[in-house]
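Engineer: Next up, final.cif (mmCIF, C-alpha atoms).
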```cif
data_my_file
loop_
_atom_site.label_atom_id
_atom_site.label_comp_id
_atom_site.auth_asym_id
_atom_site.auth_seq_id
_atom_site.Cartn_x
_atom_site.Cartn_y
_atom_site.Cartn_z
CA MET S 147 -0.57 -31.47 -4.27
CA GLU S 148 -3.36 -33.05 -6.29
CA LEU S 149 -5.15 -29.73 -6.10
CA LEU S 150 -2.32 -28.06 -7.96
CA SER S 151 -2.08 -30.54 -10.85
CA PHE S 152 -2.59 -29.29 -14.36
CA GLY S 153 -5.59 -30.27 -16.41
CA LYS S 154 -9.21 -30.72 -15.53
CA THR S 155 -8.87 -31.99 -12.00
CA GLY S 156 -6.34 -29.55 -10.60
CA TRP S 157 -5.96 -25.81 -10.31
CA GLY S 158 -2.31 -25.59 -11.39
CA ASP S 159 -2.89 -24.27 -14.91
CA GLU S 160 -5.60 -21.84 -13.79
CA LEU S 161 -3.33 -20.43 -11.10
CA LEU S 162 -0.45 -20.14 -13.55
CA ILE S 163 -2.59 -18.13 -15.96
CA ALA S 164 -3.85 -16.02 -13.03
CA THR S 165 -0.24 -15.31 -12.04
CA MET S 166 0.48 -14.16 -15.60
CA MET S 167 -2.56 -11.91 -15.32
CA THR S 168 -1.26 -10.40 -12.07
CA ILE S 169 2.08 -9.71 -13.73
CA ALA S 170 0.38 -8.22 -16.80
CA VAL S 171 -1.84 -5.94 -14.72
CA SER S 172 1.08 -4.84 -12.54
CA ILE S 173 3.25 -3.95 -15.52
CA THR S 174 0.42 -2.13 -17.31
CA ALA S 175 -0.48 -0.26 -14.14
CA MET S 176 3.16 0.70 -13.58
CA LEU S 177 3.40 2.05 -17.14
CA VAL S 178 0.12 3.95 -16.79
CA GLY S 179 1.57 5.30 -13.54
CA PHE S 180 4.72 6.49 -15.35
CA LEU S 181 2.49 8.29 -17.84
CA PHE S 182 0.72 10.08 -15.00
CA ALA S 183 4.04 10.83 -13.34
CA LEU S 184 5.32 12.30 -16.60
CA ILE S 185 2.38 14.72 -16.58
CA PHE S 186 2.27 15.55 -12.89
CA THR S 187 5.96 15.73 -11.95
CA PRO S 188 6.53 18.87 -14.08
CA LEU S 189 3.36 20.36 -12.57
CA LYS S 190 4.67 19.79 -9.06
CA LEU S 191 8.03 21.30 -9.94
CA SER S 192 6.56 24.20 -11.88
CA LYS S 193 6.95 27.78 -10.66
CA SER S 194 3.29 28.55 -11.26
CA LYS S 195 1.23 28.32 -8.06
CA PHE S 196 -1.81 27.10 -9.97
CA LEU S 197 -0.01 24.21 -11.70
CA ASN S 198 1.57 23.36 -8.37
CA LEU S 199 -1.87 23.10 -6.82
CA ILE S 200 -3.07 20.69 -9.51
CA GLY S 201 -0.01 18.49 -9.08
CA ASN S 202 -0.23 18.53 -5.31
CA SER S 203 -3.93 17.75 -5.19
CA TYR S 204 -3.41 14.69 -7.38
CA THR S 205 -0.75 13.17 -5.14
CA THR S 206 -2.43 14.20 -1.89
CA VAL S 207 -5.87 12.89 -2.80
CA ILE S 208 -4.69 9.60 -4.23
CA ARG S 209 -2.27 8.91 -1.43
CA GLY S 210 -4.80 9.85 1.25
CA VAL S 211 -7.72 7.77 0.01
CA PRO S 212 -7.86 3.95 0.25
CA GLU S 213 -6.99 2.07 -2.93
CA LEU S 214 -10.18 0.07 -2.67
CA LEU S 215 -12.30 3.22 -2.80
CA VAL S 216 -10.50 4.37 -5.96
CA ILE S 217 -11.11 0.97 -7.52
CA TYR S 218 -14.81 1.12 -6.67
CA LEU S 219 -14.97 4.58 -8.24
CA PHE S 220 -13.56 3.25 -11.51
CA PHE S 221 -15.44 -0.02 -11.39
CA PHE S 222 -18.85 1.59 -10.91
CA GLY S 223 -18.10 4.90 -12.60
CA GLY S 224 -15.85 3.82 -15.46
CA SER S 225 -18.39 2.69 -18.02
CA GLY S 226 -20.71 5.55 -17.09
CA ALA S 227 -17.99 8.09 -17.81
CA VAL S 228 -17.03 6.45 -21.11
CA MET S 229 -20.70 6.25 -22.14
CA TYR S 230 -21.15 9.92 -21.32
CA VAL S 231 -18.21 10.88 -23.51
CA ALA S 232 -19.48 8.59 -26.27
CA SER S 233 -22.95 10.12 -26.10
CA ILE S 234 -21.45 13.52 -26.86
CA PHE S 235 -20.22 12.02 -30.11
CA GLY S 236 -23.63 10.56 -30.80
CA TYR S 237 -23.06 6.97 -29.71
CA ASN S 238 -25.79 5.86 -27.34
CA GLU S 239 -25.33 2.09 -27.02
CA TYR S 240 -24.31 0.48 -23.75
CA ILE S 241 -20.56 0.21 -23.40
CA GLU S 242 -18.95 -2.11 -20.94
CA ILE S 243 -15.28 -1.62 -20.25
CA ASN S 244 -13.08 -4.60 -19.81
CA ALA S 245 -12.12 -5.35 -16.17
CA PHE S 246 -8.45 -5.46 -17.19
CA ILE S 247 -8.55 -1.89 -18.51
CA THR S 248 -10.51 -0.51 -15.54
CA GLY S 249 -8.26 -2.31 -13.09
CA SER S 250 -4.95 -1.32 -14.64
CA PHE S 251 -6.14 2.24 -14.98
CA ALA S 252 -7.28 2.47 -11.35
CA ILE S 253 -4.08 0.90 -10.01
CA GLY S 254 -2.09 2.97 -12.52
CA ILE S 255 -3.46 6.22 -11.13
CA ILE S 256 -2.52 5.12 -7.61
CA SER S 257 0.91 3.95 -8.69
CA GLY S 258 1.35 7.22 -10.62
CA ALA S 259 0.90 9.29 -7.49
CA TYR S 260 3.74 7.41 -5.78
CA SER S 261 5.93 7.56 -8.91
CA THR S 262 5.34 11.32 -9.15
CA GLU S 263 6.66 11.77 -5.63
CA VAL S 264 9.68 9.60 -6.41
CA PHE S 265 10.55 11.50 -9.60
CA ARG S 266 10.06 14.85 -7.92
CA GLY S 267 12.41 13.85 -5.13
CA ALA S 268 14.96 12.50 -7.59
CA ILE S 269 14.98 15.61 -9.77
CA GLN S 270 15.25 17.86 -6.75
CA SER S 271 18.26 16.01 -5.46
CA ILE S 272 20.21 16.40 -8.70
CA ASP S 273 22.99 18.93 -8.23
CA LYS S 274 21.93 22.40 -9.33
CA GLY S 275 25.20 22.79 -11.22
CA GLN S 276 24.02 20.15 -13.69
CA PHE S 277 21.04 22.28 -14.73
CA GLU S 278 23.18 25.39 -14.96
CA ALA S 279 25.96 23.64 -16.86
CA SER S 280 23.64 22.32 -19.53
CA LYS S 281 22.11 25.77 -19.86
CA VAL S 282 25.53 27.38 -20.22
CA LEU S 283 26.46 24.82 -22.87
CA GLY S 284 23.35 25.89 -24.76
CA LEU S 285 21.83 22.42 -24.92
CA LYS S 286 18.38 22.24 -26.40
CA LYS S 287 15.53 21.42 -24.00
CA PRO S 288 14.97 17.79 -25.14
CA VAL S 289 18.71 17.06 -25.08
CA HIS S 290 18.98 18.70 -21.68
CA PHE S 291 16.19 16.54 -20.30
CA PHE S 292 16.89 13.19 -21.95
CA LYS S 293 20.69 13.23 -21.92
CA VAL S 294 21.54 15.18 -18.79
CA ILE S 295 18.70 15.07 -16.28
CA MET S 296 17.01 11.76 -17.05
CA PRO S 297 20.01 9.41 -16.61
CA GLN S 298 20.91 11.02 -13.30
CA MET S 299 17.31 11.07 -12.18
CA LEU S 300 16.83 7.37 -12.97
CA ARG S 301 19.83 6.38 -10.90
CA LEU S 302 18.41 8.20 -7.90
CA ALA S 303 14.85 7.04 -8.54
CA ILE S 304 15.37 3.31 -9.01
CA PRO S 305 15.57 2.27 -5.34
CA ASN S 306 12.35 4.14 -4.57
CA LEU S 307 10.69 2.97 -7.77
CA SER S 308 11.28 -0.58 -6.63
CA ASN S 309 9.14 0.27 -3.58
CA VAL S 310 6.45 1.66 -5.88
CA TRP S 311 6.61 -1.57 -7.88
CA GLN S 312 6.09 -3.62 -4.72
CA ILE S 313 3.12 -1.48 -3.71
CA THR S 314 1.64 -1.73 -7.21
CA LEU S 315 2.11 -5.49 -7.35
CA LYS S 316 0.35 -5.93 -4.02
CA ASP S 317 -2.40 -3.48 -4.93
CA THR S 318 -3.37 -5.58 -7.93
CA SER S 319 -4.83 -8.10 -5.49
CA LEU S 320 -7.57 -5.53 -4.84
CA ILE S 321 -8.77 -5.71 -8.45
CA SER S 322 -10.15 -9.13 -7.62
CA VAL S 323 -13.24 -7.31 -6.30
CA THR S 324 -14.07 -6.29 -9.87
CA GLY S 325 -14.02 -9.90 -11.05
CA LEU S 326 -10.78 -9.84 -13.02
CA VAL S 327 -9.30 -13.32 -12.68
CA GLU S 328 -5.87 -12.72 -11.19
CA ILE S 329 -4.20 -14.64 -8.34
CA MET S 330 -6.63 -13.52 -5.64
CA ARG S 331 -9.77 -14.06 -7.69
CA GLN S 332 -8.62 -17.46 -8.93
CA SER S 333 -7.82 -18.53 -5.36
CA TYR S 334 -11.24 -17.34 -4.31
CA ILE S 335 -12.88 -19.42 -7.02
CA ALA S 336 -10.74 -22.45 -6.23
CA ALA S 337 -11.33 -22.07 -2.50
CA GLY S 338 -15.06 -21.86 -3.08
CA SER S 339 -15.31 -24.96 -5.23
CA THR S 340 -12.92 -27.17 -3.26
CA ARG S 341 -13.83 -25.83 0.21
CA ASP S 342 -10.16 -25.52 0.97
CA PRO S 343 -9.59 -21.80 1.50
CA LEU S 344 -6.63 -22.24 3.83
CA PHE S 345 -4.61 -24.06 1.19
CA PHE S 346 -5.45 -21.80 -1.73
CA TYR S 347 -5.01 -18.49 0.07
CA SER S 348 -1.72 -19.68 1.54
CA PHE S 349 -0.66 -20.72 -1.93
CA ALA S 350 -1.65 -17.27 -3.21
CA ALA S 351 0.55 -15.77 -0.51
CA VAL S 352 3.45 -17.94 -1.70
CA LEU S 353 2.88 -16.82 -5.29
CA TYR S 354 2.98 -13.16 -4.24
CA LEU S 355 6.13 -13.80 -2.21
CA LEU S 356 7.79 -15.41 -5.23
CA LEU S 357 6.77 -12.48 -7.41
CA THR S 358 8.13 -9.90 -4.99
CA TYR S 359 11.30 -11.91 -4.39
CA PHE S 360 12.21 -12.33 -8.06
CA SER S 361 11.23 -8.83 -9.06
CA MET S 362 13.44 -7.46 -6.30
CA LYS S 363 16.35 -9.52 -7.65
CA LEU S 364 15.79 -8.06 -11.10
CA ILE S 365 15.56 -4.51 -9.84
CA ASN S 366 18.75 -4.94 -7.81
CA ASN S 367 20.53 -5.83 -11.03
CA LEU S 368 19.19 -2.68 -12.65
CA GLU S 369 20.39 -0.68 -9.69
CA VAL S 370 23.91 -2.02 -10.08
CA ARG S 371 23.78 -1.20 -13.80
CA TYR S 372 22.76 2.40 -13.24
CA ASN S 373 25.30 2.86 -10.50
CA ARG S 374 28.26 2.13 -12.76
CA GLY S 375 30.81 4.85 -12.29
CA TYR S 376 29.61 5.90 -8.85
CA MET C 1069 -24.00 16.18 -9.35
CA ASP C 1070 -26.57 14.89 -6.90
CA PHE C 1071 -26.05 17.11 -3.88
CA GLU C 1072 -29.01 15.66 -2.05
CA LEU C 1073 -27.45 12.22 -2.11
CA MET C 1074 -24.18 13.66 -0.85
CA ILE C 1075 -25.89 15.32 2.09
CA ASN C 1076 -28.03 12.26 2.83
CA SER C 1077 -25.15 9.82 2.74
CA PHE C 1078 -22.87 11.95 4.90
CA PRO C 1079 -24.31 10.86 8.29
CA LYS C 1080 -24.29 7.21 7.23
CA LEU C 1081 -20.68 7.46 6.14
CA LEU C 1082 -19.72 9.33 9.28
CA ASN C 1083 -21.28 6.58 11.34
CA ALA C 1084 -19.21 4.01 9.46
CA THR C 1085 -16.10 6.08 10.10
CA LEU C 1086 -16.44 5.08 13.73
CA ILE C 1087 -15.81 1.43 12.82
CA THR C 1088 -12.85 2.47 10.66
CA LEU C 1089 -11.40 4.39 13.61
CA LYS C 1090 -12.00 1.49 16.00
CA LEU C 1091 -10.27 -0.93 13.65
CA LEU C 1092 -7.41 1.50 13.13
CA SER C 1093 -6.76 2.25 16.79
CA ALA C 1094 -6.99 -1.38 17.89
CA SER C 1095 -4.63 -2.54 15.13
CA LEU C 1096 -2.17 0.25 15.83
CA ILE C 1097 -2.00 -0.55 19.53
CA PHE C 1098 -1.51 -4.30 18.98
CA GLY C 1099 0.75 -3.60 16.01
CA LEU C 1100 3.01 -1.37 18.08
CA PHE C 1101 3.54 -4.14 20.63
CA ILE C 1102 4.18 -6.73 17.92
CA GLY C 1103 6.48 -4.30 16.13
CA LEU C 1104 8.49 -3.51 19.24
CA LEU C 1105 8.81 -7.20 20.11
CA PHE C 1106 10.03 -8.14 16.64
CA ALA C 1107 12.34 -5.14 16.40
CA ILE C 1108 14.01 -6.31 19.62
CA LEU C 1109 14.22 -9.84 18.19
CA ARG C 1110 15.73 -8.42 15.00
CA ILE C 1111 18.62 -6.75 16.80
CA ASN C 1112 19.23 -9.91 18.83
CA LYS C 1113 22.60 -11.47 18.06
CA ASN C 1114 21.31 -15.05 18.01
CA PRO C 1115 21.02 -15.90 14.28
CA ILE C 1116 17.98 -18.16 14.69
CA ILE C 1117 15.90 -15.56 16.55
CA ASN C 1118 17.18 -12.94 14.15
CA LYS C 1119 16.21 -14.93 11.05
CA PHE C 1120 12.82 -15.76 12.49
CA ALA C 1121 12.01 -12.08 13.03
CA TYR C 1122 13.29 -11.26 9.55
CA GLY C 1123 11.15 -14.01 8.04
CA TYR C 1124 8.08 -12.69 9.80
CA SER C 1125 8.51 -9.18 8.48
CA TYR C 1126 9.48 -10.44 5.01
CA VAL C 1127 6.37 -12.58 4.63
CA PHE C 1128 3.97 -9.93 5.91
CA ARG C 1129 5.53 -7.16 3.85
CA GLY C 1130 5.83 -9.27 0.72
CA THR C 1131 2.20 -10.37 0.47
CA PRO C 1132 -0.91 -8.25 0.00
CA LEU C 1133 -2.95 -7.43 3.07
CA LEU C 1134 -5.99 -8.88 1.31
CA VAL C 1135 -4.39 -12.35 1.25
CA GLN C 1136 -3.54 -12.08 4.93
CA ILE C 1137 -7.05 -11.13 5.93
CA PHE C 1138 -8.54 -13.92 3.78
CA ILE C 1139 -6.22 -16.54 5.24
CA ILE C 1140 -7.20 -15.54 8.75
CA TYR C 1141 -10.92 -15.11 8.13
CA PHE C 1142 -11.69 -17.87 5.60
CA GLY C 1143 -8.66 -20.11 6.07
CA LEU C 1144 -8.31 -20.59 9.80
CA GLY C 1145 -11.96 -21.57 10.21
CA GLN C 1146 -11.17 -24.67 8.20
CA ILE C 1147 -8.96 -26.16 10.88
CA GLU C 1148 -11.23 -28.43 12.93
CA TYR C 1149 -9.03 -28.26 15.99
CA LEU C 1150 -9.27 -24.47 16.18
CA ARG C 1151 -13.04 -24.61 16.15
CA SER C 1152 -13.06 -26.52 19.42
CA THR C 1153 -10.70 -24.20 21.28
CA ILE C 1154 -11.45 -20.94 23.03
CA LEU C 1155 -9.74 -19.11 20.14
CA TRP C 1156 -12.77 -19.77 17.98
CA VAL C 1157 -14.78 -17.19 19.93
CA VAL C 1158 -12.43 -14.58 18.50
CA LEU C 1159 -11.80 -16.11 15.08
CA LYS C 1160 -15.43 -16.50 14.09
CA GLU C 1161 -15.95 -12.75 14.29
CA PRO C 1162 -14.93 -10.88 11.12
CA TYR C 1163 -14.23 -7.85 13.29
CA TRP C 1164 -11.51 -9.63 15.29
CA CYS C 1165 -10.12 -11.39 12.24
CA ALA C 1166 -9.66 -8.01 10.59
CA ILE C 1167 -7.95 -6.64 13.67
CA ILE C 1168 -5.64 -9.67 13.88
CA ALA C 1169 -4.68 -9.35 10.21
CA PHE C 1170 -4.14 -5.60 10.42
CA SER C 1171 -2.12 -5.88 13.65
CA LEU C 1172 0.17 -8.55 12.25
CA ASN C 1173 0.62 -6.53 9.05
CA THR C 1174 1.34 -3.19 10.67
CA GLY C 1175 3.46 -5.00 13.25
CA ALA C 1176 5.76 -6.19 10.47
CA TYR C 1177 6.18 -2.70 9.05
CA THR C 1178 6.55 -1.15 12.50
CA SER C 1179 9.26 -3.66 13.41
CA GLU C 1180 11.26 -2.55 10.35
CA ILE C 1181 10.83 1.11 11.24
CA LEU C 1182 11.88 0.57 14.84
CA ARG C 1183 14.78 -1.71 13.90
CA SER C 1184 16.31 0.90 11.63
CA ALA C 1185 15.75 3.49 14.38
CA PHE C 1186 17.58 1.28 16.91
CA GLN C 1187 20.43 0.77 14.50
CA THR C 1188 20.91 4.47 13.82
CA ILE C 1189 21.40 5.30 17.50
CA LYS C 1190 24.98 6.44 17.85
CA PRO C 1191 27.04 3.93 19.87
CA GLY C 1192 28.51 6.88 21.77
CA ILE C 1193 25.19 7.45 23.51
CA ILE C 1194 25.05 3.88 24.78
CA GLU C 1195 28.72 3.99 25.76
CA ALA C 1196 28.09 7.20 27.68
CA GLY C 1197 25.35 5.41 29.61
CA GLN C 1198 27.63 2.48 30.30
CA SER C 1199 30.45 4.65 31.53
CA LEU C 1200 28.04 6.35 33.90
CA GLY C 1201 27.43 2.91 35.38
CA ILE C 1202 23.81 2.64 34.27
CA SER C 1203 22.63 -0.96 33.98
CA SER C 1204 22.04 -2.24 30.47
CA LYS C 1205 18.35 -2.74 31.17
CA ILE C 1206 17.86 0.89 32.10
CA ILE C 1207 19.98 1.98 29.15
CA PHE C 1208 17.61 0.06 26.92
CA TYR C 1209 14.35 1.31 28.42
CA LYS C 1210 15.35 4.86 29.29
CA ILE C 1211 17.82 5.72 26.55
CA GLN C 1212 17.48 3.47 23.51
CA ILE C 1213 13.70 3.18 23.35
CA PRO C 1214 12.92 6.91 23.72
CA ILE C 1215 15.52 7.83 21.07
CA ALA C 1216 14.28 5.11 18.74
CA ILE C 1217 10.68 6.30 19.10
CA ARG C 1218 11.67 9.86 18.26
CA GLN C 1219 13.75 8.69 15.27
CA SER C 1220 10.93 6.62 13.88
CA LEU C 1221 8.15 9.20 14.25
CA PRO C 1222 8.11 10.42 10.61
CA ALA C 1223 8.15 6.89 9.18
CA TYR C 1224 5.61 5.73 11.74
CA GLY C 1225 3.31 8.58 10.74
CA ASN C 1226 3.35 7.27 7.19
CA GLU C 1227 2.61 3.80 8.50
CA ILE C 1228 -0.43 5.08 10.41
CA ILE C 1229 -1.79 6.64 7.21
CA LEU C 1230 -1.10 3.44 5.24
CA MET C 1231 -2.86 1.43 7.93
CA MET C 1232 -5.83 3.78 7.87
CA LYS C 1233 -6.14 3.09 4.16
CA GLY C 1234 -5.61 -0.60 4.87
CA THR C 1235 -8.65 -0.75 7.14
CA SER C 1236 -10.77 -0.31 4.01
CA LEU C 1237 -10.09 -4.00 3.32
CA ALA C 1238 -12.30 -4.87 6.28
CA SER C 1239 -15.19 -4.31 3.88
CA THR C 1240 -14.14 -7.47 2.00
CA VAL C 1241 -14.96 -9.59 5.05
CA THR C 1242 -18.49 -8.20 5.44
CA LEU C 1243 -17.62 -5.39 7.87
CA MET C 1244 -19.43 -2.14 7.21
CA ASP C 1245 -16.61 0.31 7.63
CA LEU C 1246 -16.35 3.61 5.72
CA THR C 1247 -15.42 1.92 2.45
CA GLY C 1248 -17.98 -0.84 2.99
CA VAL C 1249 -20.83 1.62 3.44
CA ALA C 1250 -19.56 3.75 0.54
CA LYS C 1251 -19.60 0.68 -1.70
CA TYR C 1252 -23.09 -0.20 -0.53
CA ILE C 1253 -24.40 3.28 -1.32
CA ILE C 1254 -22.65 3.29 -4.71
CA SER C 1255 -24.06 -0.09 -5.68
CA THR C 1256 -27.62 0.89 -4.72
CA THR C 1257 -27.65 4.39 -6.23
CA PHE C 1258 -25.07 4.06 -9.04
CA LYS C 1259 -23.70 7.49 -8.21
CA PRO C 1260 -20.02 6.64 -7.68
CA ILE C 1261 -18.60 10.14 -8.04
CA GLU C 1262 -20.77 11.78 -5.38
CA VAL C 1263 -20.15 9.03 -2.85
CA PHE C 1264 -16.45 8.98 -3.66
CA ILE C 1265 -16.20 12.71 -2.96
CA VAL C 1266 -17.88 12.39 0.45
CA ALA C 1267 -16.12 9.19 1.57
CA GLY C 1268 -12.79 10.30 0.10
CA GLY C 1269 -13.22 13.64 1.85
CA ILE C 1270 -13.62 11.91 5.20
CA TYR C 1271 -10.50 9.80 4.57
CA LEU C 1272 -8.54 12.87 3.49
CA PHE C 1273 -9.63 14.70 6.61
CA MET C 1274 -8.36 11.84 8.76
CA THR C 1275 -5.07 11.80 6.83
CA PHE C 1276 -4.77 15.53 7.41
CA ILE C 1277 -5.32 15.16 11.16
CA ILE C 1278 -2.85 12.28 11.51
CA HIS C 1279 -0.26 14.14 9.45
CA ASN C 1280 -0.51 17.23 11.63
CA VAL C 1281 -0.49 15.36 14.93
CA ILE C 1282 2.70 13.58 13.90
CA LYS C 1283 4.22 16.85 12.76
CA PHE C 1284 3.36 18.40 16.13
CA LEU C 1285 4.91 15.46 18.00
CA GLU C 1286 8.03 15.67 15.84
CA LYS C 1287 8.45 19.32 16.73
CA LYS C 1288 7.75 18.70 20.40
CA TYR C 1289 10.34 15.95 20.70
CA THR C 1290 13.05 17.54 18.63
CA TYR C 1291 16.28 17.72 20.53
#
```
Mind turning the file's structure into C-alpha cells?
Structural biologist:
Amino acid sequence: MELLSFGKTGWGDELLIATMMTIAVSITAMLVGFLFALIFTPLKLSKSKFLNLIGNSYTTVIRGVPELLVIYLFFFGGSGAVMYVASIFGYNEYIEINAFITGSFAIGIISGAYSTEVFRGAIQSIDKGQFEASKVLGLKKPVHFFKVIMPQMLRLAIPNLSNVWQITLKDTSLISVTGLVEIMRQSYIAAGSTRDPLFFYSFAAVLYLLLTYFSMKLINNLEVRYNRGY
Amino acid sequence: MDFELMINSFPKLLNATLITLKLLSASLIFGLFIGLLFAILRINKNPIINKFAYGYSYVFRGTPLLVQIFIIYFGLGQIEYLRSTILWVVLKEPYWCAIIAFSLNTGAYTSEILRSAFQTIKPGIIEAGQSLGISSKIIFYKIQIPIAIRQSLPAYGNEIILMMKGTSLASTVTLMDLTGVAKYIISTTFKPIEVFIVAGGIYLFMTFIIHNVIKFLEKKYTY
C-alpha cells in the first residue's frame, strides 16, 4: 500500500492523473469517432455506388487491421503529414504533434468505424413508415433528421454504443506505446523504477475494471432514460 | 510513394505473418477449450461455480489485452516460487506468455458466445431427447454441443478476427510478428504509409479469408 501513497514516495497521485488521462483520451476519441461516423454513416446508406464504396472501405479497412498498426501509422506518419500540409502553405519548420492529439485521433478513427456500423444498423432498423410519414407531413430535412430519426436511432444505438465505448476505453491502453502517460504507461514507469511489475500491472487491471464497471452503470441509466415509453 | 520499399519489405512481412498465424492458431485452439469449459461452468446451477466463471469472463473482458499480456510476461516472473518450478520453462519465453494471455482472453469471449448459444437452445429439443430415452450425457455431447457450435458460428467468426488483430500485441513483448516487423521497418525507414499499406493488406487478406471460411461453414451447417 505504501507504493500507492500520494506525494513523493508513492505512485498514488501519478496513477490518479494517469487515470484522468485515460478517461480524457477515451472521451475525446469517442467524440472524434462520432464525427467520423457522422460523415461515413450517410455514405454507407447512400444510393450512390461510389459513395457506398468509400464508406465500406473505411469500415472494412479499419476493422480488419490491428489497432496497434493504425497507431504506429499515426505516431510515425502524423507529424510528417502535418509538416507536408504546412509546407504547402510555406511553413517549413519542424512540427511535432502532441501525443494526446495523435493518440485520440488514431483511436478515434478506430472507434468511428465501429460507431458507423452501429448507426447504420440503428437507422436501418427504424420502421420505414417513420421516414414516409415525415415526408408526407412535409417536414424539412433537418427537422426530419433531428426530431424524427435521431431520437429513435439513439434509442436503438445506445446498447451497441456502450460496446463501442468499452472497446475504445480498452484501446486507449495501446497509446502507451507512443509515450502518452496514461494508466498503462504510468504503470510501466512505476514498474520499472520499483521493480514491482506484478503489483502495478495488476493495479492497472483493477483501474480498468473500475472504469468499465462505472461507465457501464452510467450507460445503463441512459438506456433506461431513452427507453421511456417503450 | 516508395514502391521499391513496398516490394522489398513484402517478403519480410510475409515471413512475420507466419508467427502471427502460429500465435493465432495456438491461442484459438487453447481458447476454445477454455471457452467451452467456462461456458459449461456458467450454465452450472451451483452459484459458486457459476459466479466464478462469470468473474473470470468479466475480468478478462473488462481489462485491455495489453495489461493481461504484461501481467503474465513481466509480472509473473517476479514471483520467486514460480522461477523454481517447471512452469518457468514456459513462462520465461515471450512466445508462450503471449499464447497464454491470448488464450485466456479469447477463452473469456468464447465462453460468453457459447453460453448464450447454449441458452438459446429450445428446451423442446432437449425434452425430445429425454423422451426418446437418451442419457443426459449423450444429449449434451450429441445434441446440445453441435447445436451450440452452429449457433455461435457468426459470433465466433468475429472473435477469430478480433483475436487475429489481438496477436499484434505480441510485438510489445519483443516478438517479431507482422506488426512487430512492420514497426521495425517503419522506425528504420520512416516510411509509415508504404509499410502500413503492405502490412495492412496482409491483415485484410487474412480477415477476408477468415470471413469467407466462416460464411461457408455457416451455409454448410444451416438446418
Engineer: Need the shell around Glu1227 in chain C: protein/DNA/RNA residues with any atom at most 9 Å away, counting all atoms listed in the file. Skip same-chain ones fewer than 3 positions apart. Format as a list in words?
Structural biologist: Thr1174, Tyr1177, Thr1178, Pro1222, Ala1223, Tyr1224, Leu1230, Met1231 and Met1232 of chain C
Engineer: Of the candidates C:Leu1150, C:Ile1217, C:Ile1181, C:Cys1165, which one gets nearest to Ser1125 in chain C if we count all atoms listed in the file?
Structural biologist: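 Under the stated criterion, the closest residue is C:Ile1181.
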Engineer: Work out how far CA of Pro343 in chain S is from CA of Ile173 in chain S, in Å to one decimal.
Structural biologist: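 Answer for the CA of Ile173 in chain S to CA of Pro343 in chain S separation: 27.8 Å.
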Engineer: Please expand the PyMOL selection byres ((chain C and resi 1085-1094) around 9) into the concrete residues it hits in this file, giving the result as a PyMOL selection string.
Structural biologist: chain C and resi 1080-1084+1095-1099+1163-1164+1166-1167+1170-1171+1228+1231-1232+1234-1236+1238+1243-1247+1270-1271
Engineer: Work out where the centre of an axis-aligned box around every listed atom of range 1097-1108 of chain C lies and how long its edges are once 3 Å is added on each side; give both in Å to one decimal as JSON.
Structural biologist:
```
{"center_x": 6.0, "center_y": -4.3, "center_z": 18.3, "size_x": 22.0, "size_y": 13.6, "size_z": 10.6}
```
Engineer: Please check which residues have atoms at most 12 Å from (-25.7, 12.7, -1.9) in the file's coordinates, counting all atoms listed in the file, and write them as a list in words.
Structural biologist: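 So the residues meeting the distance criterion are Met1069, Asp1070, Phe1071, Glu1072, Leu1073, Met1074, Ile1075, Asn1076, Ser1077, Phe1078, Pro1079, Lys1080, Leu1081, Ala1250, Ile1253, Ile1254, Thr1257, Phe1258, Lys1259, Pro1260, Ile1261, Glu1262, Val1263, Phe1264, Ile1265, Val1266 and Ala1267 of chain C.
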Engineer: I want to know what sits within 7 Å of Arg1110 in chain C, based on only C-alpha atoms, with residues of the same chain fewer than 5 positions away left out; could you give that as an mmCIF file with C-alpha atoms, in the frame of the given file?
Structural biologist:
```cif
data_model
loop_
_atom_site.group_PDB
_atom_site.id
_atom_site.type_symbol
_atom_site.label_atom_id
_atom_site.label_comp_id
_atom_site.auth_asym_id
_atom_site.auth_seq_id
_atom_site.Cartn_x
_atom_site.Cartn_y
_atom_site.Cartn_z
ATOM 1 C CA ASN C 1118 17.180 -12.940 14.150
ATOM 2 C CA ALA C 1121 12.010 -12.080 13.030
ATOM 3 C CA TYR C 1122 13.290 -11.260 9.550
ATOM 4 C CA ARG C 1183 14.780 -1.710 13.900
#
```
Engineer: Which residue is closest to chain S? Choose from C:Lys1190, C:Arg1218, C:Lys1119, C:Lys1251 and count only C-alpha atoms.
Structural biologist: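 Among C:Lys1190, C:Arg1218, C:Lys1119, C:Lys1251, it is C:Lys1251 that comes nearest to chain S.
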Engineer: Mind pulling up the distance from CA of Lys1113 in chain C to CA of Ile1193 in chain C?
Structural biologist: 19.9 Å
Engineer: Translate the PyMOL selection byres ((chain S) within 6 of (chain C)) into a concrete residue list for this structure, as JSON, numbers by chain.
Structural biologist: {"S": [210, 211, 212, 219, 223, 316, 343, 344, 347, 351, 354, 355]}
Engineer: Any idea what's packed within 12 Å of range 232-249 of chain S, counting only C-alpha atoms, ignoring anything in its chain fewer than 2 positions away? Could you give it as a VMD selection string?
Structural biologist: chain S and resid 167 to 176 178 213 to 214 216 to 230 251 to 257 314 317 to 328
Engineer: Return the single residue from C:Glu1180, C:Ala1196, C:Gln1187, C:Thr1290 that is closest to Leu1105 in chain C, with distances computed using all atoms listed in the file.
Structural biologist: C:Glu1180
Engineer: May I ask for the distance between CA of Val294 in chain S and CA of Tyr372 in chain S, given in Å to one decimal place?
Structural biologist: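 Separation between CA of Val294 in chain S and CA of Tyr372 in chain S: 14.0 Å.
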Engineer: I want to know what sits within 12 Å of Tyr1209 in chain C, based on all atoms listed in the file, with residues of the same chain fewer than 5 positions away left out; could you give that as a ChimeraX atom specification?
Structural biologist: /C:1104,1108,1186,1194,1197,1202-1204,1214-1217
Engineer: Deliver the residues from the most recent selection as a file, using C-alpha atoms, as an mmCIF file, in the frame of the given file.
Structural biologist:
```
data_model
loop_
_atom_site.group_PDB
_atom_site.id
_atom_site.type_symbol
_atom_site.label_atom_id
_atom_site.label_comp_id
_atom_site.auth_asym_id
_atom_site.auth_seq_id
_atom_site.Cartn_x
_atom_site.Cartn_y
_atom_site.Cartn_z
ATOM 1 C CA LEU C 1104 8.490 -3.510 19.240
ATOM 2 C CA ILE C 1108 14.010 -6.310 19.620
ATOM 3 C CA PHE C 1186 17.580 1.280 16.910
ATOM 4 C CA ILE C 1194 25.050 3.880 24.780
ATOM 5 C CA GLY C 1197 25.350 5.410 29.610
ATOM 6 C CA ILE C 1202 23.810 2.640 34.270
ATOM 7 C CA SER C 1203 22.630 -0.960 33.980
ATOM 8 C CA SER C 1204 22.040 -2.240 30.470
ATOM 9 C CA PRO C 1214 12.920 6.910 23.720
ATOM 10 C CA ILE C 1215 15.520 7.830 21.070
ATOM 11 C CA ALA C 1216 14.280 5.110 18.740
ATOM 12 C CA ILE C 1217 10.680 6.300 19.100
#
```
